[in-house]
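Structure file final_18.txt with compact mmCIF, C-alpha atoms and all ligand atoms:
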```
# COMPACT_ATOMS: atom_id res chain seq x y z
CA MET Z 947 -52.46 -137.97 -37.97
CA LYS Z 948 -51.24 -139.24 -34.63
CA ILE Z 949 -53.07 -139.07 -31.33
CA ARG Z 950 -51.04 -137.76 -28.44
CA HIS Z 951 -52.24 -138.20 -24.86
CA ARG Z 952 -51.27 -135.72 -22.18
CA ILE Z 953 -51.52 -137.58 -18.91
CA VAL Z 954 -51.03 -135.79 -15.60
CA PHE Z 955 -50.50 -137.91 -12.51
CA ASN Z 956 -49.06 -137.78 -9.01
CA ARG Z 957 -45.89 -139.78 -8.63
CA LYS Z 958 -46.88 -140.73 -5.08
CA THR Z 959 -50.25 -142.23 -5.91
CA ILE Z 960 -49.70 -143.79 -9.33
CA SER Z 961 -49.31 -147.57 -9.59
CA ILE Z 962 -45.96 -148.96 -10.63
CA GLU Z 963 -47.71 -151.08 -13.29
CA PHE Z 964 -49.00 -147.97 -15.03
CA VAL Z 965 -45.60 -146.26 -14.87
CA ASN Z 966 -44.03 -149.38 -16.37
CA PHE Z 967 -46.66 -149.42 -19.09
CA LEU Z 968 -45.97 -145.76 -19.93
CA GLU Z 969 -42.23 -146.37 -20.04
CA GLU Z 970 -42.64 -149.46 -22.18
CA LYS Z 971 -44.75 -147.48 -24.66
CA LYS Z 972 -42.08 -144.78 -24.80
CA ALA Z 973 -43.97 -141.95 -23.13
CA LYS Z 974 -42.01 -138.74 -22.61
CA PHE Z 975 -42.13 -137.38 -19.06
CA SER Z 976 -41.79 -133.86 -17.76
CA ASN Z 977 -39.20 -133.78 -15.03
CA ASP Z 978 -39.55 -130.84 -12.75
CA ASP Z 979 -39.31 -131.26 -8.99
CA SER Z 980 -42.98 -131.42 -8.11
CA ASP Z 981 -44.94 -134.59 -7.49
CA LEU Z 982 -47.10 -133.92 -10.52
CA ILE Z 983 -45.73 -135.56 -13.63
CA VAL Z 984 -46.89 -134.94 -17.17
CA ALA Z 985 -46.51 -137.84 -19.58
CA TYR Z 986 -46.91 -137.45 -23.34
CA LEU Z 987 -47.77 -140.63 -25.13
CA PHE Z 988 -48.48 -141.36 -28.80
CA GLU Z 989 -51.39 -143.81 -29.01
CA GLU Z 990 -51.11 -147.01 -31.02
CA GLU Z 991 -54.04 -149.10 -32.13
CA ASN Z 992 -52.80 -152.42 -30.74
CA TRP Z 993 -52.53 -151.27 -27.09
CA LYS Z 994 -55.02 -148.39 -27.07
CA ASN Z 995 -57.56 -150.38 -25.04
CA ASP Z 996 -54.94 -151.27 -22.42
CA LEU Z 997 -54.20 -147.59 -22.00
CA TYR Z 998 -57.87 -146.80 -21.45
CA GLN Z 999 -58.16 -149.59 -18.91
CA PHE Z 1000 -55.20 -148.20 -17.00
CA LEU Z 1001 -56.60 -144.68 -17.07
CA GLN Z 1002 -59.92 -145.88 -15.76
CA LYS Z 1003 -58.34 -147.96 -13.02
CA GLU Z 1004 -56.10 -145.09 -11.93
CA GLY Z 1005 -58.94 -142.55 -12.14
CA ILE Z 1006 -57.00 -140.31 -14.52
CA THR Z 1007 -58.30 -138.51 -17.59
CA SER Z 1008 -55.96 -137.87 -20.48
CA ILE Z 1009 -56.19 -134.90 -22.77
CA ILE Z 1010 -56.03 -135.84 -26.41
CA GLU Z 1011 -54.37 -133.83 -29.10
CA CYS Z 1012 -54.10 -134.62 -32.81
CA ILE Z 1013 -50.64 -134.18 -34.24
CA TYR Z 1014 -50.76 -133.77 -38.02
CA SER Z 1015 -47.93 -134.47 -40.40
CA LYS Z 1016 -46.58 -131.78 -42.70
CA ALA Z 1017 -48.10 -133.63 -45.67
CA GLU Z 1018 -51.54 -133.70 -44.02
CA ILE Z 1019 -51.35 -129.97 -43.38
CA GLU Z 1020 -50.18 -129.24 -46.91
CA LYS Z 1021 -53.02 -131.29 -48.39
CA ALA Z 1022 -55.79 -129.74 -46.28
CA THR Z 1023 -58.24 -127.28 -47.83
CA TRP Z 1024 -60.09 -126.28 -44.64
CA PHE Z 1025 -58.94 -125.99 -41.03
CA SER Z 1026 -60.56 -125.44 -37.69
CA ILE Z 1027 -59.04 -122.51 -35.83
CA ARG Z 1028 -58.94 -121.46 -32.20
CA SER Z 1029 -56.74 -119.27 -30.06
CA LYS Z 1030 -54.93 -120.49 -26.98
CA PHE Z 1031 -54.53 -116.86 -25.92
CA ARG Z 1032 -57.55 -116.02 -23.79
CA TRP Z 1033 -58.08 -112.46 -22.63
CA GLU Z 1034 -60.55 -110.98 -20.17
CA TYR Z 1035 -64.27 -111.68 -20.11
CA PRO Z 1036 -67.16 -110.27 -22.06
CA GLN Z 1037 -68.56 -107.36 -20.05
CA PRO Z 1038 -70.69 -106.63 -18.14
CA LYS Z 1039 -69.73 -109.91 -16.63
CA ASP Z 1040 -71.76 -109.72 -13.42
CA TYR Z 1041 -74.99 -111.71 -13.70
CA PHE Z 1042 -73.83 -112.53 -17.26
CA SER Z 1043 -75.44 -109.26 -18.37
CA TYR Z 1044 -73.44 -109.32 -21.62
CA ARG Z 1045 -75.73 -112.13 -22.76
CA HIS Z 1046 -78.54 -109.61 -23.05
CA ILE Z 1047 -76.49 -106.56 -24.13
CA THR Z 1048 -74.13 -108.00 -26.75
CA TYR Z 1049 -76.62 -110.62 -27.80
CA ASP Z 1050 -80.29 -110.75 -28.64
CA SER Z 1051 -81.37 -113.28 -26.04
CA THR Z 1052 -85.03 -113.58 -27.08
CA SER Z 1053 -84.51 -117.23 -28.07
CA TYR Z 1054 -81.93 -118.02 -25.40
CA CYS Z 1055 -82.33 -121.34 -23.62
CA ASP Z 1056 -81.13 -121.06 -20.01
CA SER Z 1057 -80.77 -124.82 -19.82
CA CYS Z 1058 -78.24 -125.44 -22.63
CA GLY Z 1059 -77.05 -121.97 -23.65
CA TYR Z 1060 -78.38 -122.13 -27.22
CA GLY Z 1061 -79.99 -119.26 -29.08
CA LEU Z 1062 -77.85 -116.15 -28.55
CA LYS Z 1063 -77.58 -113.90 -31.62
CA GLN Z 1064 -75.05 -111.12 -31.62
CA LYS Z 1065 -76.74 -107.71 -31.92
CA GLU Z 1066 -74.11 -105.29 -30.58
CA GLU Z 1067 -70.37 -104.98 -30.16
CA PHE Z 1068 -68.57 -106.89 -27.45
CA ARG Z 1069 -67.47 -104.84 -24.48
CA ILE Z 1070 -64.36 -105.38 -22.36
CA ASN Z 1071 -62.46 -103.52 -19.64
CA LYS Z 1072 -59.16 -102.73 -21.28
CA SER Z 1073 -56.86 -103.09 -24.28
CA PRO Z 1074 -55.17 -106.46 -24.70
CA LYS Z 1075 -51.49 -106.96 -24.06
CA TRP Z 1076 -50.78 -108.64 -27.36
CA GLY Z 1077 -47.08 -109.40 -26.90
CA LYS Z 1078 -46.12 -111.51 -29.90
CA ARG Z 1079 -49.70 -112.69 -30.35
CA ASN Z 1080 -52.15 -111.31 -32.86
CA PHE Z 1081 -55.35 -113.25 -32.15
CA LEU Z 1082 -57.31 -113.83 -28.98
CA MET Z 1083 -60.53 -115.29 -27.72
CA LEU Z 1084 -62.43 -113.96 -24.73
CA ASN Z 1085 -63.00 -116.31 -21.82
CA TRP Z 1086 -66.50 -117.84 -21.99
CA VAL Z 1087 -66.83 -117.03 -25.71
CA HIS Z 1088 -65.47 -119.97 -27.65
CA ASP Z 1089 -66.54 -119.10 -31.17
CA GLU Z 1090 -65.42 -115.53 -31.80
CA LEU Z 1091 -61.96 -114.38 -32.83
CA PHE Z 1092 -60.49 -111.00 -31.99
CA ILE Z 1093 -57.49 -109.51 -33.76
CA ASN Z 1094 -55.12 -106.57 -33.50
CA ASN Z 1095 -54.80 -103.85 -36.15
CA LYS Z 1096 -51.85 -105.60 -37.78
CA VAL Z 1097 -53.96 -108.64 -38.72
CA ARG Z 1098 -56.80 -106.35 -39.65
CA SER Z 1099 -54.77 -104.52 -42.28
CA ILE Z 1100 -53.23 -107.74 -43.65
CA MET Z 1101 -56.68 -109.37 -43.94
CA ASP Z 1102 -58.12 -106.23 -45.56
CA LYS Z 1103 -55.45 -106.34 -48.26
CA GLY Z 1104 -55.59 -110.13 -48.59
CA ASP Z 1105 -58.86 -110.64 -50.50
CA ILE Z 1106 -60.42 -112.56 -47.61
CA LYS Z 1107 -64.18 -113.07 -47.79
CA GLY Z 1108 -66.90 -113.84 -45.29
CA TYR Z 1109 -66.37 -111.47 -42.40
CA LYS Z 1110 -67.02 -107.98 -41.15
CA LEU Z 1111 -64.93 -106.14 -38.62
CA HIS Z 1112 -66.57 -104.93 -35.46
CA SER Z 1113 -65.10 -102.60 -32.88
CA VAL Z 1114 -64.82 -103.75 -29.30
CA LEU Z 1115 -66.08 -101.19 -26.79
CA ASN Z 1116 -64.85 -100.06 -23.42
CA VAL Z 1117 -67.61 -101.13 -21.06
CA LYS Z 1118 -67.38 -97.89 -19.07
CA THR Z 1119 -67.32 -95.38 -21.90
CA ASN Z 1120 -68.92 -97.35 -24.74
CA LYS Z 1121 -66.12 -96.01 -26.99
CA PRO Z 1122 -64.06 -98.35 -29.20
CA ILE Z 1123 -60.96 -99.78 -27.58
CA ASP Z 1124 -57.69 -99.31 -29.47
CA ASP Z 1125 -56.07 -102.15 -31.34
CA ILE Z 1126 -58.72 -104.82 -30.98
CA ASN Z 1127 -61.33 -105.86 -33.53
CA GLN Z 1128 -63.81 -108.69 -33.70
CA ILE Z 1129 -63.88 -110.83 -36.84
CA TYR Z 1130 -67.64 -111.07 -37.22
CA ILE Z 1131 -68.25 -114.29 -39.17
CA GLU Z 1132 -71.17 -113.89 -41.55
CA GLU Z 1133 -72.01 -117.45 -42.59
CA VAL Z 1134 -72.89 -120.75 -40.97
CA LEU Z 1135 -71.95 -123.93 -42.82
CA GLN Z 1136 -74.65 -126.48 -43.62
CA PRO Z 1137 -74.62 -129.43 -41.17
CA GLY Z 1138 -72.14 -131.92 -42.58
CA LEU Z 1139 -70.26 -133.58 -39.73
CA ILE Z 1140 -69.83 -137.30 -40.40
CA ASN Z 1141 -67.82 -140.14 -38.81
CA LYS Z 1142 -69.20 -139.01 -35.50
CA GLU Z 1143 -67.64 -141.99 -33.70
CA GLN Z 1144 -64.30 -140.32 -34.47
CA SER Z 1145 -65.23 -136.80 -33.29
CA ILE Z 1146 -67.99 -137.13 -30.74
CA LYS Z 1147 -67.52 -138.44 -27.23
CA GLU Z 1148 -71.00 -137.56 -26.04
CA VAL Z 1149 -74.27 -136.29 -27.50
CA LEU Z 1150 -76.26 -133.98 -25.23
CA THR Z 1151 -79.89 -133.28 -26.07
CA CYS Z 1152 -81.44 -130.38 -24.17
CA ARG Z 1153 -84.59 -131.44 -22.33
CA LYS Z 1154 -85.96 -127.95 -22.48
CA CYS Z 1155 -85.43 -126.85 -26.10
CA GLY Z 1156 -84.27 -130.04 -27.84
CA THR Z 1157 -80.98 -128.59 -29.08
CA VAL Z 1158 -78.32 -131.22 -29.71
CA LYS Z 1159 -74.80 -130.43 -28.55
CA TYR Z 1160 -71.64 -132.49 -28.80
CA ILE Z 1161 -68.60 -133.14 -26.68
CA TYR Z 1162 -65.52 -133.36 -28.90
CA THR Z 1163 -63.11 -136.28 -28.61
CA GLY Z 1164 -60.08 -134.29 -29.78
CA ARG Z 1165 -59.62 -136.79 -32.63
CA GLY Z 1166 -60.31 -134.47 -35.57
CA PHE Z 1167 -63.36 -133.73 -37.70
CA THR Z 1168 -64.61 -135.31 -40.92
CA TYR Z 1169 -67.11 -133.39 -43.06
CA LYS Z 1170 -69.11 -134.16 -46.16
CA LYS Z 1171 -67.52 -132.60 -49.21
CA ASP Z 1172 -70.64 -130.95 -50.57
CA VAL Z 1173 -71.09 -128.56 -47.63
CA PHE Z 1174 -67.79 -126.89 -48.46
CA GLU Z 1175 -68.34 -126.88 -52.21
CA GLY Z 1176 -69.44 -123.61 -53.73
CA LEU Z 1177 -68.73 -121.64 -50.55
CA ASN Z 1178 -67.68 -118.11 -51.37
CA THR Z 1179 -66.07 -117.42 -48.03
CA ASP Z 1180 -62.80 -117.92 -46.20
CA ILE Z 1181 -64.20 -118.14 -42.69
CA VAL Z 1182 -67.38 -119.86 -41.55
CA LYS Z 1183 -68.96 -121.33 -38.41
CA SER Z 1184 -70.21 -124.88 -37.96
CA ALA Z 1185 -73.94 -125.52 -37.63
CA GLU Z 1186 -73.11 -128.21 -35.08
CA MET Z 1187 -72.87 -126.92 -31.53
CA PHE Z 1188 -70.39 -128.05 -28.91
CA GLY Z 1189 -69.97 -127.78 -25.15
CA ASP Z 1190 -71.48 -128.94 -21.91
CA GLY Z 1191 -73.46 -126.97 -19.34
CA LEU Z 1192 -74.28 -123.53 -20.73
CA MET Z 1193 -71.39 -123.63 -23.17
CA CYS Z 1194 -72.81 -123.75 -26.65
CA SER Z 1195 -70.35 -122.90 -29.40
CA SER Z 1196 -69.69 -123.50 -33.05
CA ILE Z 1197 -66.37 -124.52 -34.50
CA ILE Z 1198 -64.72 -121.87 -36.67
CA PHE Z 1199 -63.35 -123.04 -40.01
CA ILE Z 1200 -60.95 -121.16 -42.25
CA SER Z 1201 -59.98 -121.78 -45.87
CA ARG Z 1202 -56.56 -122.69 -47.18
CA ASN Z 1203 -56.38 -119.14 -48.54
CA LEU Z 1204 -56.76 -117.57 -45.08
CA TYR Z 1205 -54.53 -120.22 -43.46
CA ASN Z 1206 -51.75 -119.35 -45.92
CA LEU Z 1207 -52.17 -115.64 -45.31
CA LEU Z 1208 -51.90 -116.06 -41.54
CA THR Z 1209 -48.98 -118.46 -41.52
CA SER Z 1210 -46.95 -116.73 -44.24
CA ASN Z 1211 -47.22 -113.46 -42.32
CA SER Z 1212 -46.33 -115.21 -39.02
CA LEU Z 1213 -49.61 -114.15 -37.43
CA ASP Z 1214 -50.28 -117.60 -35.99
CA LYS Z 1215 -48.62 -117.51 -32.58
CA ASP Z 1216 -50.85 -119.34 -30.07
CA LEU Z 1217 -53.34 -120.29 -32.76
CA VAL Z 1218 -54.31 -123.94 -33.11
CA PHE Z 1219 -55.28 -125.24 -36.55
CA GLU Z 1220 -56.64 -128.68 -37.29
CA PRO Z 1221 -56.98 -129.90 -40.87
CA ILE Z 1222 -60.55 -131.01 -41.61
CA THR Z 1223 -60.91 -134.37 -43.33
CA ILE Z 1224 -63.30 -133.83 -46.24
CA VAL Z 1225 -64.80 -136.83 -48.02
ZN ZN Z 1301 -81.87 -125.84 -24.52
```
For the structure just supplied, provide its representation as structure tokens.
Ligand SMILES: [Zn+2]
Amino acid sequence: MKIRHRIVFNRKTISIEFVNFLEEKKAKFSNDDSDLIVAYLFEEENWKNDLYQFLQKEGITSIIECIYSKAEIEKATWFSIRSKFRWEYPQPKDYFSYRHITYDSTSYCDSCGYGLKQKEEFRINKSPKWGKRNFLMLNWVHDELFINNKVRSIMDKGDIKGYKLHSVLNVKTNKPIDDINQIYIEEVLQPGLINKEQSIKEVLTCRKCGTVKYIYTGRGFTYKKDVFEGLNTDIVKSAEMFGDGLMCSSIIFISRNLYNLLTSNSLDKDLVFEPITIV
């Protein structure tokens, strides 16, 4: 696994020392005509601290992405999954009413966002424009996957365990919307996140309800082996919660079995998978 930084800076305000550093470390630069430059840089252990010092001095944050080798992907038994394709918002969106319609909000904490339990179908305004994509996530909802009917039929035939399919309703008519389904994930994994110095940038403890949430580093997840052992499911949510403010979401994990089904049927456009290190 390699760590790639995505660093966005303004060519007019950046110091020449930092540009030299980036060039010396063989960063790749985007070269359109605007003043904003994007540099991609693979991190190395021996100058990692210098990079962080530069970023701090320049007041720039980098976005970290893990790039896995083919061998690492082939060896993995579980993956995290998310969709880069975001569509619409859960409805009714005004006053966040969906929090009380789609979810049972009896135990909801309005300080950290913890405690929503889904009780009804999600509602949206209109059918997705899928294009070549087959999966989406709604804005604001970071731990639910929605699929078109093509994925639905392939998953139905594929001996995939651990989910139910829910319709998604038109918020005006309360009738199911064509060609979109929610993968309702039935199980939550036992807590098992370890090597937190690798995965966790910040631990947030809610002063009101005591819930602990994490901010992810982008450097991959390591889990204890025994929480995955004996699972009879192909899709499961983490017990650990992530996000700042009112964002409070699980990570979704899928098995090798489901990963193979999705990739071999080319259903993975705009999906991001990360192999989970299991020890
Ligand atoms: Zn709370």
Please compute the CA of Ser1026 in chain Z-CA of Phe1219 in chain Z distance, one decimal, in Å.
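Going from CA of Ser1026 in chain Z over to CA of Phe1219 in chain Z, I get 5.4 Å.
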Taking all atoms listed in the file into account, which of Z:Leu1115, Z:Cys1194, Z:Ile949, Z:Ile1019 comes nearest ligand ZN 1301 (chain Z)?
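Closest residue, counting all atoms listed in the file: Z:Cys1194.
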Counting only C-alpha atoms and all ligand atoms, name the residues that have an atom within 9 Å of an atom of ligand ZN 1301 (chain Z); the answer should be given as a list in words.
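What falls inside 9 Å of ligand ZN 1301 (chain Z) is Tyr1054, Cys1055, Asp1056, Ser1057, Cys1058, Gly1059, Tyr1060, Gly1061, Thr1151, Cys1152, Arg1153, Lys1154, Cys1155, Gly1156, Thr1157, Val1158 and Leu1192 of chain Z.
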Write out as a list of chain:residue names which residues come within 6 Å of Leu1082 in chain Z when counting all atoms listed in the file, dropping same-chain ones fewer than 5 positions away.
Z:Ser1029, Z:Phe1031, Z:Arg1032, Z:Phe1092
Mind pulling up the distance from CA of Asn1127 in chain Z to CA of Lys1075 in chain Z?
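Interatomic distance, CA of Lys1075 in chain Z to CA of Asn1127 in chain Z: 13.7 Å.
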